[in-house]
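Listing of start21.cif, mmCIF, C-alpha atoms
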data_run
loop_
_atom_site.label_atom_id
_atom_site.label_comp_id
_atom_site.auth_asym_id
_atom_site.auth_seq_id
_atom_site.Cartn_x
_atom_site.Cartn_y
_atom_site.Cartn_z
CA MET N 1315 76.14 233.60 120.49
CA SER N 1316 76.21 237.33 119.77
CA LYS N 1317 74.41 239.65 122.12
CA LEU N 1318 70.96 240.66 120.91
CA SER N 1319 70.81 244.26 119.78
CA PHE N 1320 67.77 246.41 120.53
CA GLY N 1321 69.08 249.16 118.30
CA LYS N 1322 68.42 252.62 119.69
CA LEU N 1323 65.61 251.37 121.92
CA SER N 1324 66.35 252.10 125.58
CA VAL N 1325 65.89 248.79 127.42
CA ARG N 1326 66.63 247.31 130.82
CA GLU N 1327 66.51 243.84 132.34
CA ILE N 1328 63.28 242.62 133.94
CA SER N 1329 63.55 242.37 137.72
CA ILE N 1330 61.43 240.58 140.30
CA ASN N 1331 60.73 244.08 141.67
CA ASP N 1332 58.69 244.83 138.53
CA ARG N 1333 55.97 242.40 139.62
CA ASP N 1334 53.82 244.93 141.49
CA PHE N 1335 53.54 247.05 138.35
CA PHE N 1336 53.24 244.44 135.64
CA LYS N 1337 51.01 242.04 137.56
CA ARG N 1338 48.14 244.21 136.32
CA LEU N 1339 48.48 242.75 132.84
CA GLY N 1340 45.11 240.96 133.12
CA SER N 1341 43.83 237.39 132.78
CA ILE N 1342 45.75 236.30 129.67
CA SER N 1343 48.38 233.74 130.67
CA PHE N 1344 50.90 234.89 128.07
CA CYS N 1345 50.94 238.31 129.79
CA ASN N 1346 51.16 236.97 133.32
CA PHE N 1347 54.19 238.44 135.08
CA SER N 1348 55.38 235.10 136.46
CA ASN N 1349 55.48 233.74 132.91
CA ILE N 1350 57.24 236.82 131.57
CA PHE N 1351 59.80 236.71 134.38
CA ALA N 1352 60.43 232.96 134.15
CA TRP N 1353 60.82 232.98 130.37
CA ARG N 1354 62.75 236.26 130.15
CA HIS N 1355 66.01 234.55 129.19
CA ALA N 1356 64.64 232.28 126.47
CA MET N 1357 62.40 235.02 125.05
CA ASN N 1358 65.00 237.79 125.51
CA TYR N 1359 62.39 239.93 127.26
CA ARG N 1360 63.35 243.47 128.24
CA ILE N 1361 61.46 246.51 129.49
CA ALA N 1362 61.72 249.35 126.99
CA ASP N 1363 61.05 253.01 127.64
CA VAL N 1364 58.78 254.01 124.75
CA SER N 1365 57.31 257.51 124.74
CA GLY N 1366 57.48 257.45 128.52
CA TYR N 1367 55.69 254.08 128.81
CA PRO N 1368 57.32 250.86 130.07
CA ILE N 1369 56.71 248.27 127.34
CA ILE N 1370 57.82 244.62 127.29
CA VAL N 1371 59.71 243.67 124.15
CA GLY N 1372 61.59 240.52 123.19
CA LYS N 1373 62.84 238.22 120.48
CA TYR N 1374 62.59 234.43 120.46
CA ARG N 1375 65.37 232.82 118.45
CA ASN N 1376 64.97 233.75 114.75
CA SER N 1377 61.47 235.18 115.03
CA LEU N 1378 60.46 238.83 114.67
CA PHE N 1379 60.90 241.24 117.56
CA SER N 1380 57.76 240.93 119.66
CA VAL N 1381 55.86 243.42 121.78
CA ILE N 1382 53.51 242.37 124.57
CA VAL N 1383 50.42 244.54 124.48
CA PRO N 1384 50.41 246.94 127.46
CA PHE N 1385 47.08 245.86 128.97
CA TYR N 1386 47.97 247.69 132.18
CA LEU N 1387 47.45 251.04 130.42
CA GLU N 1388 43.83 252.19 130.23
CA SER N 1389 44.62 253.96 126.99
CA TYR N 1390 47.82 254.32 125.06
CA PRO N 1391 48.89 255.95 121.78
CA ILE N 1392 49.05 252.87 119.54
CA ASN N 1393 50.54 254.55 116.49
CA GLU N 1394 53.12 256.47 118.53
CA ILE N 1395 54.31 253.48 120.57
CA TYR N 1396 54.62 250.88 117.83
CA THR N 1397 56.10 253.28 115.28
CA GLU N 1398 58.75 254.37 117.79
CA ILE N 1399 59.60 250.74 118.60
CA LYS N 1400 60.00 249.84 114.92
CA THR N 1401 62.08 252.92 114.19
CA LYS N 1402 64.42 252.50 117.15
CA LEU N 1403 64.83 248.76 116.64
CA GLY N 1404 65.70 249.43 113.02
CA THR N 1405 63.40 246.66 111.85
CA GLU N 1406 60.73 246.69 109.16
CA LYS N 1407 58.24 244.46 110.96
CA ILE N 1408 57.37 243.68 114.58
CA ARG N 1409 54.99 241.17 116.14
CA VAL N 1410 52.36 242.53 118.54
CA SER N 1411 50.43 240.09 120.69
CA PRO N 1412 48.30 238.84 122.31
CA LEU N 1413 45.44 241.06 121.15
CA VAL N 1414 41.75 240.82 121.88
CA ALA N 1415 39.44 241.48 118.93
CA ASP N 1416 38.90 245.20 119.62
CA GLN N 1417 42.65 245.80 119.87
CA ALA N 1418 43.29 243.94 116.63
CA GLU N 1419 40.72 246.12 114.87
CA GLU N 1420 42.26 249.27 116.33
CA ILE N 1421 45.73 248.30 115.10
CA LYS N 1422 44.31 247.56 111.66
CA ALA N 1423 42.83 251.06 111.63
CA HIS N 1424 46.25 252.59 112.35
CA TYR N 1425 48.28 250.21 110.17
CA THR N 1426 46.20 249.36 107.12
CA ASP N 1427 48.84 246.93 105.83
CA ALA N 1428 49.01 245.03 109.14
CA GLU N 1429 48.66 241.26 109.00
CA ILE N 1430 46.16 240.15 111.66
CA ILE N 1431 46.33 236.48 112.63
CA LEU N 1432 44.05 234.52 114.94
CA SER N 1433 46.64 232.90 117.22
CA ARG N 1434 44.93 229.64 118.13
CA ASP N 1435 48.20 228.36 119.61
CA LEU N 1436 48.03 231.13 122.26
CA SER N 1437 44.40 230.49 123.25
CA ASP N 1438 43.89 230.02 126.99
CA TYR N 1439 41.78 227.14 128.28
CA PHE N 1440 39.43 228.10 131.13
CA TYR N 1441 37.71 225.46 133.28
CA ASN N 1442 35.23 225.43 136.13
CA THR N 1443 37.32 224.72 139.21
CA SER N 1444 34.56 222.47 140.54
CA ASP N 1445 34.76 220.33 137.37
CA LEU N 1446 38.48 219.71 137.81
CA ILE N 1447 38.06 218.89 141.48
CA ASN N 1448 34.92 216.72 141.36
CA LEU N 1449 35.15 215.17 137.88
CA SER N 1450 31.41 214.63 138.07
CA GLY N 1451 29.17 213.29 135.35
CA LYS N 1452 29.48 211.09 132.29
CA LYS N 1453 31.87 213.41 130.44
CA PHE N 1454 34.52 212.96 133.14
CA HIS N 1455 34.08 209.20 133.45
CA GLN N 1456 37.46 208.44 131.87
CA LYS N 1457 39.24 211.02 134.02
CA ARG N 1458 37.77 209.50 137.18
CA ASN N 1459 39.00 206.11 136.03
CA HIS N 1460 42.51 207.50 135.52
CA VAL N 1461 42.56 209.01 139.02
CA ASN N 1462 41.16 205.83 140.56
CA SER N 1463 43.76 203.79 138.71
CA PHE N 1464 46.52 205.89 140.19
CA THR N 1465 45.20 205.96 143.75
CA SER N 1466 44.49 202.23 143.80
CA LYS N 1467 47.77 201.08 142.25
CA TYR N 1468 50.26 203.27 144.08
CA SER N 1469 50.84 204.32 147.64
CA HIS N 1470 51.01 208.09 147.43
CA THR N 1471 51.05 211.35 149.35
CA TYR N 1472 50.21 214.84 148.13
CA ILE N 1473 52.55 217.41 149.68
CA PRO N 1474 51.73 221.13 149.41
CA VAL N 1475 54.72 223.40 148.86
CA SER N 1476 55.22 226.34 151.19
CA THR N 1477 58.04 228.76 151.92
CA ASP N 1478 57.28 228.04 155.59
CA ASP N 1479 58.49 224.50 154.92
CA PRO N 1480 61.96 224.58 153.28
CA ASP N 1481 61.86 220.80 152.87
CA SER N 1482 58.81 221.10 150.62
CA LEU N 1483 60.65 223.57 148.38
CA LYS N 1484 63.57 221.13 148.18
CA LEU N 1485 61.08 218.42 147.27
CA LEU N 1486 59.68 220.59 144.47
CA LYS N 1487 63.18 221.18 143.12
CA ASN N 1488 63.86 217.45 143.33
CA ALA N 1489 60.64 216.74 141.44
CA CYS N 1490 61.63 219.25 138.76
CA ASP N 1491 65.02 217.58 138.31
CA THR N 1492 63.65 214.03 138.49
CA LEU N 1493 60.99 214.61 135.82
CA TYR N 1494 63.29 216.48 133.42
CA ASP N 1495 65.03 214.66 130.59
CA PRO N 1496 68.21 216.57 129.66
CA ASN N 1497 68.12 214.90 126.24
CA SER N 1498 64.63 216.16 125.42
CA GLY N 1499 65.74 219.09 123.26
CA GLU N 1500 66.19 222.85 123.27
CA ASP N 1501 62.54 223.72 123.95
CA PHE N 1502 62.46 221.58 127.07
CA ALA N 1503 65.82 222.97 128.17
CA ASP N 1504 64.29 226.47 128.01
CA GLU N 1505 61.29 225.22 129.98
CA TYR N 1506 63.57 223.67 132.61
CA ILE N 1507 65.28 227.04 133.10
CA ALA N 1508 61.88 228.75 133.36
CA ILE N 1509 60.64 226.24 135.96
CA ASN N 1510 63.74 226.82 138.05
CA GLU N 1511 63.11 230.57 137.89
CA LEU N 1512 59.63 229.92 139.30
CA ILE N 1513 61.00 227.72 142.06
CA GLY N 1514 63.83 230.12 142.88
CA ASN N 1515 61.40 233.04 143.21
CA PHE N 1516 58.51 231.06 144.65
CA GLU N 1517 57.51 233.42 147.44
CA ALA N 1518 58.19 236.67 145.58
CA LEU N 1519 55.96 235.56 142.69
CA GLY N 1520 53.15 234.47 145.01
CA LEU N 1521 53.10 230.92 143.69
CA SER N 1522 51.45 227.72 144.89
CA ALA N 1523 52.68 224.19 144.19
CA GLY N 1524 52.11 220.58 145.10
CA VAL N 1525 54.06 217.35 144.70
CA ILE N 1526 52.81 213.77 144.67
CA ILE N 1527 55.31 211.24 145.98
CA SER N 1528 55.09 207.46 145.83
CA ASP N 1529 57.46 205.39 147.97
CA GLY N 1530 59.51 208.53 148.56
CA ILE N 1531 59.89 209.32 144.85
CA PRO N 1532 58.28 212.40 143.24
CA VAL N 1533 55.97 211.21 140.46
CA ALA N 1534 54.09 214.43 139.69
CA TYR N 1535 54.06 218.11 140.51
CA SER N 1536 52.29 221.30 139.51
CA ILE N 1537 52.94 225.03 139.96
CA GLY N 1538 50.36 227.80 139.71
CA GLU N 1539 49.02 230.96 141.29
CA HIS N 1540 45.91 232.95 142.07
CA MET N 1541 45.56 235.16 139.00
CA SER N 1542 42.60 237.08 140.40
CA GLN N 1543 40.04 236.67 143.16
CA ASP N 1544 38.07 234.09 141.19
CA THR N 1545 40.63 232.61 138.77
CA ALA N 1546 43.74 230.47 139.25
CA LEU N 1547 46.46 229.94 136.67
CA ILE N 1548 48.39 226.69 136.17
CA HIS N 1549 51.94 227.31 134.98
CA ILE N 1550 53.45 223.85 135.06
CA GLU N 1551 52.16 220.29 135.32
CA LYS N 1552 54.57 217.37 135.09
CA ALA N 1553 54.12 213.68 135.80
CA ASN N 1554 55.86 210.36 135.28
CA LYS N 1555 54.00 208.55 132.49
CA ASN N 1556 55.14 205.22 133.90
CA PHE N 1557 52.70 205.79 136.76
CA SER N 1558 49.33 205.36 135.09
CA GLY N 1559 46.88 208.12 135.94
CA SER N 1560 49.56 210.38 137.41
CA PHE N 1561 48.65 213.37 135.21
CA ALA N 1562 44.96 213.09 136.09
CA ALA N 1563 45.86 212.70 139.75
CA ILE N 1564 48.02 215.83 140.02
CA ASN N 1565 45.46 217.81 138.02
CA LYS N 1566 42.67 216.94 140.46
CA MET N 1567 44.69 217.08 143.68
CA PHE N 1568 46.37 220.39 142.89
CA ALA N 1569 43.05 222.05 142.10
CA ALA N 1570 41.43 220.62 145.24
CA HIS N 1571 44.25 221.48 147.65
CA GLU N 1572 45.31 224.88 146.34
CA PHE N 1573 42.49 226.50 144.38
CA SER N 1574 39.17 225.33 145.81
CA ASP N 1575 38.45 228.98 146.66
CA THR N 1576 38.30 229.93 142.95
CA LEU N 1577 35.56 229.64 140.33
CA PHE N 1578 37.80 229.13 137.31
CA ILE N 1579 41.18 227.70 136.44
CA ASN N 1580 43.16 228.88 133.43
CA ARG N 1581 45.41 226.06 132.24
CA GLU N 1582 47.22 228.22 129.68
CA GLU N 1583 47.71 227.62 125.96
CA ASP N 1584 48.54 224.46 124.00
CA MET N 1585 51.33 226.03 121.88
CA GLY N 1586 49.91 224.27 118.83
CA LEU N 1587 51.00 220.84 120.08
CA GLU N 1588 48.42 218.28 118.94
CA GLY N 1589 48.76 216.01 121.96
CA LEU N 1590 48.56 218.90 124.42
CA ARG N 1591 45.53 220.35 122.63
CA LYS N 1592 43.76 217.00 122.81
CA ALA N 1593 44.54 216.70 126.52
CA LYS N 1594 43.26 220.19 127.31
CA LEU N 1595 40.06 219.68 125.33
CA SER N 1596 39.45 216.37 127.11
CA TYR N 1597 38.83 218.30 130.35
CA HIS N 1598 35.95 220.20 128.71
CA PRO N 1599 36.90 223.87 129.04
CA VAL N 1600 34.03 226.28 129.64
CA ARG N 1601 35.79 228.90 127.56
CA ILE N 1602 38.74 229.14 125.19
CA GLY N 1603 40.25 232.63 125.05
CA GLU N 1604 40.61 233.96 121.52
CA TYR N 1605 43.65 236.16 120.91
CA TYR N 1606 45.20 237.73 117.84
CA THR N 1607 48.68 238.62 116.66
CA ALA N 1608 49.44 241.63 114.47
CA ILE N 1609 52.47 241.85 112.20
CA ILE N 1610 52.99 245.54 111.53
#
For the file at hand, write its structure as structure tokens.
Amino acid sequence: MSKLSFGKLSVREISINDRDFFKRLGSISFCNFSNIFAWRHAMNYRIADVSGYPIIVGKYRNSLFSVIVPFYLESYPINEIYTEIKTKLGTEKIRVSPLVADQAEEIKAHYTDAEIILSRDLSDYFYNTSDLINLSGKKFHQKRNHVNSFTSKYSHTYIPVSTDDPDSLKLLKNACDTLYDPNSGEDFADEYIAINELIGNFEALGLSAGVIISDGIPVAYSIGEHMSQDTALIHIEKANKNFSGSFAAINKMFAAHEFSDTLFINREEDMGLEGLRKAKLSYHPVRIGEYYTAII
């Protein structure tokens, strides 16, 4: 595979040391630094120096060059930044996302021929933390049944992951390997690499994780972090489908053990996958973030 060219754009690799700066990217999961860092290889993310501003750019496979909106800047010269990126990349079009409505309108004002798309596939799902922990009421009846099915059928232990307990980190790595199918395709191979980046930089990224084991075998795990004082973010949730109710169990236990101090949990986007969208909607989100993409 030939090395990706960024033309005349001055770029550098993303380092774990960039977290303190870029962690200010806000509450959108796509812009979360842990996600950017973990997926930097698959997405070809780099930090570009554009008009004196550090901007994250990348290119996923055969898609357009993409630019992650610099939410960390209170104000920035839209026309100057994006025009310089396009010129130095030597490309006619770039993809700018994720945008909130006001930003999409502002780009349209600067680039009248811009194509503005509502990116439903990138929409974040926000839940009340208390709903995910308690599963109270009629609307969560089925979820309670799934959890009860798991807890009644299988002997199990929830183990929190901590850098103070090296064995728990080894258990998380074991769970990652156990629940990964190497024949599942290129997308899952990219995800496997990203998960290992999270595990390998667990402490530096400020992550939390938990593993459910049954008879000594990991059957489910989840990785997330405190995104803000009142909101947690779930990066990864994996479970063995052969253990009925395992997904519902890790969802509830992880929220209860790691994020009971928050008001909301952001469970990220559904990537346009029908089954994943159905699953996320079944937990009754209190809000679905609406983001836009601009092709300019």
Mind giving me the axis-aligned box for range 1540-1548 of chain N with 8 Å on every side, centre plus edges in Å to one decimal, as lines of an AutoDock Vina configuration file?
center_x = 43.2
center_y = 231.9
center_z = 139.7
size_x = 26.3
size_y = 26.4
size_z = 23.0
*Near Leu1432 in chain N, within 8 Å and counting all atoms listed in the file, which residues show up once chain neighbours fewer than 2 positions away are dropped, as a PyMOL selection string?*
chain N and resi 1430+1434+1604-1607
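Distances from N:Asn1448, N:Ser1433, N:Ser1482, N:Gln1543 to Val1410 in chain N were compared using all atoms listed in the file, and the smallest one belongs to N:Ser1433.
Comparing N:Ala1418, N:Ile1408, N:Ala1546, N:Leu1446 by their smallest distance to Ile1579 in chain N, the closest is N:Ala1546 (using only C-alpha atoms).
Pairwise distance (CA of Arg1354 in chain N, CA of Ile1328 in chain N) equals 7.4 Å.
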Got a minute to add N, CA, C and O atoms to range 1583-1606 of chain N and dump it as an mmCIF file, in the coordinates of the input?
data_model
loop_
_atom_site.group_PDB
_atom_site.id
_atom_site.type_symbol
_atom_site.label_atom_id
_atom_site.label_comp_id
_atom_site.auth_asym_id
_atom_site.auth_seq_id
_atom_site.Cartn_x
_atom_site.Cartn_y
_atom_site.Cartn_z
ATOM 1 N N GLU N 1583 47.893 227.951 127.371
ATOM 2 C CA GLU N 1583 47.710 227.620 125.960
ATOM 3 C C GLU N 1583 48.278 226.241 125.633
ATOM 4 O O GLU N 1583 48.946 225.624 126.462
ATOM 5 N N ASP N 1584 48.022 225.780 124.397
ATOM 6 C CA ASP N 1584 48.540 224.460 124.000
ATOM 7 C C ASP N 1584 49.749 224.553 123.072
ATOM 8 O O ASP N 1584 50.298 223.529 122.662
ATOM 9 N N MET N 1585 50.140 225.779 122.707
ATOM 10 C CA MET N 1585 51.330 226.030 121.880
ATOM 11 C C MET N 1585 51.266 225.330 120.517
ATOM 12 O O MET N 1585 52.281 225.117 119.858
ATOM 13 N N GLY N 1586 50.063 224.927 120.117
ATOM 14 C CA GLY N 1586 49.910 224.270 118.830
ATOM 15 C C GLY N 1586 50.321 222.813 118.816
ATOM 16 O O GLY N 1586 50.382 222.196 117.748
ATOM 17 N N LEU N 1587 50.603 222.241 119.988
ATOM 18 C CA LEU N 1587 51.000 220.840 120.080
ATOM 19 C C LEU N 1587 49.756 219.956 120.101
ATOM 20 O O LEU N 1587 48.906 220.093 120.985
ATOM 21 N N GLU N 1588 49.646 219.072 119.125
ATOM 22 C CA GLU N 1588 48.420 218.280 118.940
ATOM 23 C C GLU N 1588 48.052 217.481 120.184
ATOM 24 O O GLU N 1588 46.894 217.457 120.606
ATOM 25 N N GLY N 1589 49.041 216.815 120.777
ATOM 26 C CA GLY N 1589 48.760 216.010 121.960
ATOM 27 C C GLY N 1589 48.302 216.845 123.129
ATOM 28 O O GLY N 1589 47.379 216.460 123.865
ATOM 29 N N LEU N 1590 48.930 218.011 123.318
ATOM 30 C CA LEU N 1590 48.560 218.900 124.420
ATOM 31 C C LEU N 1590 47.173 219.483 124.192
ATOM 32 O O LEU N 1590 46.378 219.613 125.133
ATOM 33 N N ARG N 1591 46.870 219.821 122.952
ATOM 34 C CA ARG N 1591 45.530 220.350 122.630
ATOM 35 C C ARG N 1591 44.455 219.315 122.939
ATOM 36 O O ARG N 1591 43.421 219.629 123.536
ATOM 37 N N LYS N 1592 44.713 218.077 122.547
ATOM 38 C CA LYS N 1592 43.760 217.000 122.810
ATOM 39 C C LYS N 1592 43.543 216.815 124.306
ATOM 40 O O LYS N 1592 42.407 216.639 124.765
ATOM 41 N N ALA N 1593 44.635 216.875 125.065
ATOM 42 C CA ALA N 1593 44.540 216.700 126.520
ATOM 43 C C ALA N 1593 43.743 217.828 127.162
ATOM 44 O O ALA N 1593 42.906 217.589 128.049
ATOM 45 N N LYS N 1594 43.980 219.053 126.725
ATOM 46 C CA LYS N 1594 43.260 220.190 127.310
ATOM 47 C C LYS N 1594 41.785 220.156 126.958
ATOM 48 O O LYS N 1594 40.927 220.477 127.788
ATOM 49 N N LEU N 1595 41.465 219.775 125.735
ATOM 50 C CA LEU N 1595 40.060 219.680 125.330
ATOM 51 C C LEU N 1595 39.334 218.556 126.072
ATOM 52 O O LEU N 1595 38.127 218.637 126.319
ATOM 53 N N SER N 1596 40.076 217.516 126.448
ATOM 54 C CA SER N 1596 39.450 216.370 127.110
ATOM 55 C C SER N 1596 38.914 216.710 128.495
ATOM 56 O O SER N 1596 38.112 215.960 129.055
ATOM 57 N N TYR N 1597 39.340 217.858 129.051
ATOM 58 C CA TYR N 1597 38.830 218.300 130.350
ATOM 59 C C TYR N 1597 37.662 219.273 130.210
ATOM 60 O O TYR N 1597 37.225 219.867 131.191
ATOM 61 N N HIS N 1598 37.164 219.438 128.989
ATOM 62 C CA HIS N 1598 35.950 220.200 128.710
ATOM 63 C C HIS N 1598 36.001 221.640 129.250
ATOM 64 O O HIS N 1598 35.314 221.989 130.213
ATOM 65 N N PRO N 1599 36.822 222.458 128.621
ATOM 66 C CA PRO N 1599 36.900 223.870 129.040
ATOM 67 C C PRO N 1599 35.552 224.566 128.870
ATOM 68 O O PRO N 1599 34.791 224.255 127.938
ATOM 69 N N VAL N 1600 35.274 225.506 129.761
ATOM 70 C CA VAL N 1600 34.030 226.280 129.640
ATOM 71 C C VAL N 1600 34.225 227.470 128.722
ATOM 72 O O VAL N 1600 33.262 228.058 128.233
ATOM 73 N N ARG N 1601 35.493 227.809 128.478
ATOM 74 C CA ARG N 1601 35.790 228.900 127.560
ATOM 75 C C ARG N 1601 37.223 228.756 127.038
ATOM 76 O O ARG N 1601 38.105 228.322 127.765
ATOM 77 N N ILE N 1602 37.408 229.089 125.773
ATOM 78 C CA ILE N 1602 38.740 229.140 125.190
ATOM 79 C C ILE N 1602 38.984 230.575 124.751
ATOM 80 O O ILE N 1602 38.256 231.094 123.901
ATOM 81 N N GLY N 1603 39.966 231.230 125.374
ATOM 82 C CA GLY N 1603 40.250 232.630 125.050
ATOM 83 C C GLY N 1603 40.741 232.758 123.626
ATOM 84 O O GLY N 1603 41.581 231.979 123.176
ATOM 85 N N GLU N 1604 40.225 233.748 122.911
ATOM 86 C CA GLU N 1604 40.610 233.960 121.520
ATOM 87 C C GLU N 1604 41.470 235.216 121.425
ATOM 88 O O GLU N 1604 41.021 236.312 121.745
ATOM 89 N N TYR N 1605 42.715 235.056 120.977
ATOM 90 C CA TYR N 1605 43.650 236.160 120.910
ATOM 91 C C TYR N 1605 44.248 236.252 119.501
ATOM 92 O O TYR N 1605 44.338 235.268 118.779
ATOM 93 N N TYR N 1606 44.673 237.450 119.174
ATOM 94 C CA TYR N 1606 45.200 237.730 117.840
ATOM 95 C C TYR N 1606 46.631 238.212 117.937
ATOM 96 O O TYR N 1606 47.081 238.719 118.976
#
